[in-house]
Amino acid sequence: MGEKFRLDRFLGECGQGTRSEIKGYIKKGRVTVNGVVAKDNGMKVDTDTDIVCFNGEEIVYEKFRYFMLNKPQGVVSATRDGISKTVLELLSGEITEGLFPVGRLDKDTEGFLLITNDGQLGHELLSPKKHVGKKYLATVDAPLTEEEMRTFAEGVDIGDEKKTMPAEIRTVLEDWDDTVYEVILREGRYHQVKRMFEAFGSTVTYLKRVSMGDVELDPELQPGE
Ligand code: URA
């Protein structure tokens with residue numbers, strides 16, 4: 001037995017449009033349920049047994065939804081926030097119920113944020129036991145020495161109970177004003193990248209996450225898309 005939804009919600013969950021767009025499609029007779037043109041937006045459909053077609057094409061319900069967001073600065077990685085705009089508010093037109101961001105990026109951090117309703121995947125991506133790498137580009141105001149880079153990679157005391165887990169660091173760019181490092185972490189503590197550099201007296205001035213596991217941020221995605 002599948003899940004039961006109103007027809008308009010079913011089409012929304014399947015990413016076929018906003019609520020008002022879908023209402024228009026149904027009104028125009030572009031949606032059929034089991035071969036019969038649907039008239040009622042609120043009719044109940046069963047995701048397992050009913051066959052819903054839009055413009056003659058079958059729409060198959062997927063229980064889990066995955067969005068890759070290029071998080072812009074100034075937006076918080078939460079589902080709700082009384083003050084600031086949240087990452088879920090950037091998914092305009094989508095049904096966001098049940099969706100959550102996988103891990104938090106700071107308000108001023110940009111880049112790859114996965115938004116999903118797949119709790120199991122979310123847990124596995126974040127669990128330090130699973131060792132999933134999160135890759136960041138960090139611009140800092142003062143470069144680390146080679147020795148500091150080695151310590152950074154081995155594990156840093158950032159004031160927590162335990163040192164940080166082994167990480168990877170390599171220099172991407174170095175000029176007179178700032179240095180850009182690529183950093184791969186396999187855990188996600190609060191402000192971790194910033195605190196790791198801070199441990200060497202270096203301040204992160206810009207931070208962007210560029211991948212999680214082997215999924216890279218789509219370079220076509222502009223901040224906010
Ligand atoms: N580390 C940080 O310091 N900030 C982030 O947003 C992510 C990792």
# chains A, B, ... in the order shown; residues from 1 in each chain; ligands from 1
$ residues_around --residues "stretch 196-211 of chain A" --least-positions-apart "6" --cutoff "7 Å" --atoms "only C-alpha atoms" --output "list of chain:residue names"
A:Thr109, A:Glu110, A:Gly111, A:Phe112, A:Lys134, A:Lys135, A:Tyr136, A:Leu137, A:Ala138, A:Thr139, A:Val140, A:Asp141, A:Ala142, A:Val156, A:Ile158, A:Leu217
$ residues_near_ligand --ligand "ligand 1" --cutoff "7 Å" --atoms "only C-alpha atoms and all ligand atoms" --output "list of chain:residue names"
A:Arg104, A:Leu105, A:Asp106, A:Thr109, A:Gly188, A:Tyr190, A:His191, A:Gln192, A:Val193, A:Lys194, A:Arg195
$ atom_distance --atom1 "atom CA of A:Glu13" --atom2 "atom CA of A:Lys28"
19.9 Å
$ select_by_dssp --residues "chain A" --states "helix (DSSP H, G or I)" --output "count of residues only"
47
$ closest_residue --among "A:Asn55, A:Thr18, A:Ser127, A:Ser92" --to "A:Arg30" --atoms "only C-alpha atoms"
A:Asn55
$ residues_around --residues "stretch 57-72 of chain A" --least-positions-apart "2" --cutoff "7 Å" --atoms "only C-alpha atoms" --output "ChimeraX atom specification"
/A:14,47,51-55,74-75,110-118,221-225
$ closest_residue --among "A:Thr96, A:Gly29, A:Lys39, A:His131" --to "A:Gly56" --atoms "only C-alpha atoms"
A:Gly29
$ closest_residue --among "A:Thr171, A:Thr145, A:Thr164, A:Ser77" --to "A:Leu185" --atoms "only C-alpha atoms"
A:Thr164
$ residues_around --residues "A:Asn41" --least-positions-apart "4" --cutoff "12 Å" --atoms "only C-alpha atoms" --output "list in words"
Phe5, Arg6, Leu7, Asp8, Arg9, Phe10, Leu11, Gly12, Arg19, Ser20, Glu21, Ile22, Lys23, Gly24, Tyr25, Ile26, Lys27, Lys28, Gly29, Val31, Thr32, Val33, Val37 and Val45 of chain A
$ write_last_selection --atoms "C-alpha atoms" --output "PDB file, in the first residue's frame"
ATOM      1  CA  PHE A   5      -2.182  12.294  -1.305  1.00  0.00           C
ATOM      2  CA  ARG A   6      -4.511  14.880  -2.749  1.00  0.00           C
ATOM      3  CA  LEU A   7      -3.908  14.998  -6.496  1.00  0.00           C
ATOM      4  CA  ASP A   8      -2.526  18.566  -6.450  1.00  0.00           C
ATOM      5  CA  ARG A   9      -0.178  17.727  -3.598  1.00  0.00           C
ATOM      6  CA  PHE A  10       0.942  14.537  -5.355  1.00  0.00           C
ATOM      7  CA  LEU A  11       1.928  16.566  -8.432  1.00  0.00           C
ATOM      8  CA  GLY A  12       3.636  19.150  -6.215  1.00  0.00           C
ATOM      9  CA  ARG A  19       0.153  24.853  -6.165  1.00  0.00           C
ATOM     10  CA  SER A  20      -1.476  27.444  -8.421  1.00  0.00           C
ATOM     11  CA  GLU A  21       0.252  26.165 -11.559  1.00  0.00           C
ATOM     12  CA  ILE A  22      -0.957  22.656 -10.806  1.00  0.00           C
ATOM     13  CA  LYS A  23      -4.482  23.904 -10.230  1.00  0.00           C
ATOM     14  CA  GLY A  24      -4.330  25.444 -13.712  1.00  0.00           C
ATOM     15  CA  TYR A  25      -3.061  22.226 -15.300  1.00  0.00           C
ATOM     16  CA  ILE A  26      -5.872  20.213 -13.740  1.00  0.00           C
ATOM     17  CA  LYS A  27      -8.443  22.796 -14.855  1.00  0.00           C
ATOM     18  CA  LYS A  28      -7.136  22.591 -18.418  1.00  0.00           C
ATOM     19  CA  GLY A  29      -7.586  18.795 -18.395  1.00  0.00           C
ATOM     20  CA  VAL A  31      -3.911  15.554 -15.800  1.00  0.00           C
ATOM     21  CA  THR A  32      -5.429  12.066 -15.890  1.00  0.00           C
ATOM     22  CA  VAL A  33      -5.818   9.516 -13.114  1.00  0.00           C
ATOM     23  CA  VAL A  37      -9.246  13.331 -16.995  1.00  0.00           C
ATOM     24  CA  VAL A  45      -4.461   9.227  -5.225  1.00  0.00           C
TER      25      VAL A  45
END
$ atom_distance --atom1 "atom CA of A:Glu187" --atom2 "atom CA of A:Gly98"
24.4 Å
$ closest_residue --among "A:Pro143, A:Gly213, A:Gly155, A:Gly17" --to "A:Asp175" --atoms "only C-alpha atoms"
A:Pro143
$ select_by_dssp --residues "stretch 9-216 of chain A" --states "strand (DSSP E or B)" --output "NGL selection string"
:A and (31-33 or 36-37 or 44-46 or 52-54 or 57-58 or 66-71 or 76 or 86 or 100-101 or 110-116 or 134-140 or 168-174 or 179-185 or 204-212 or 215-216)
$ atom_distance --atom1 "atom CA of A:Ile169" --atom2 "atom CA of A:Glu216"
17.4 Å
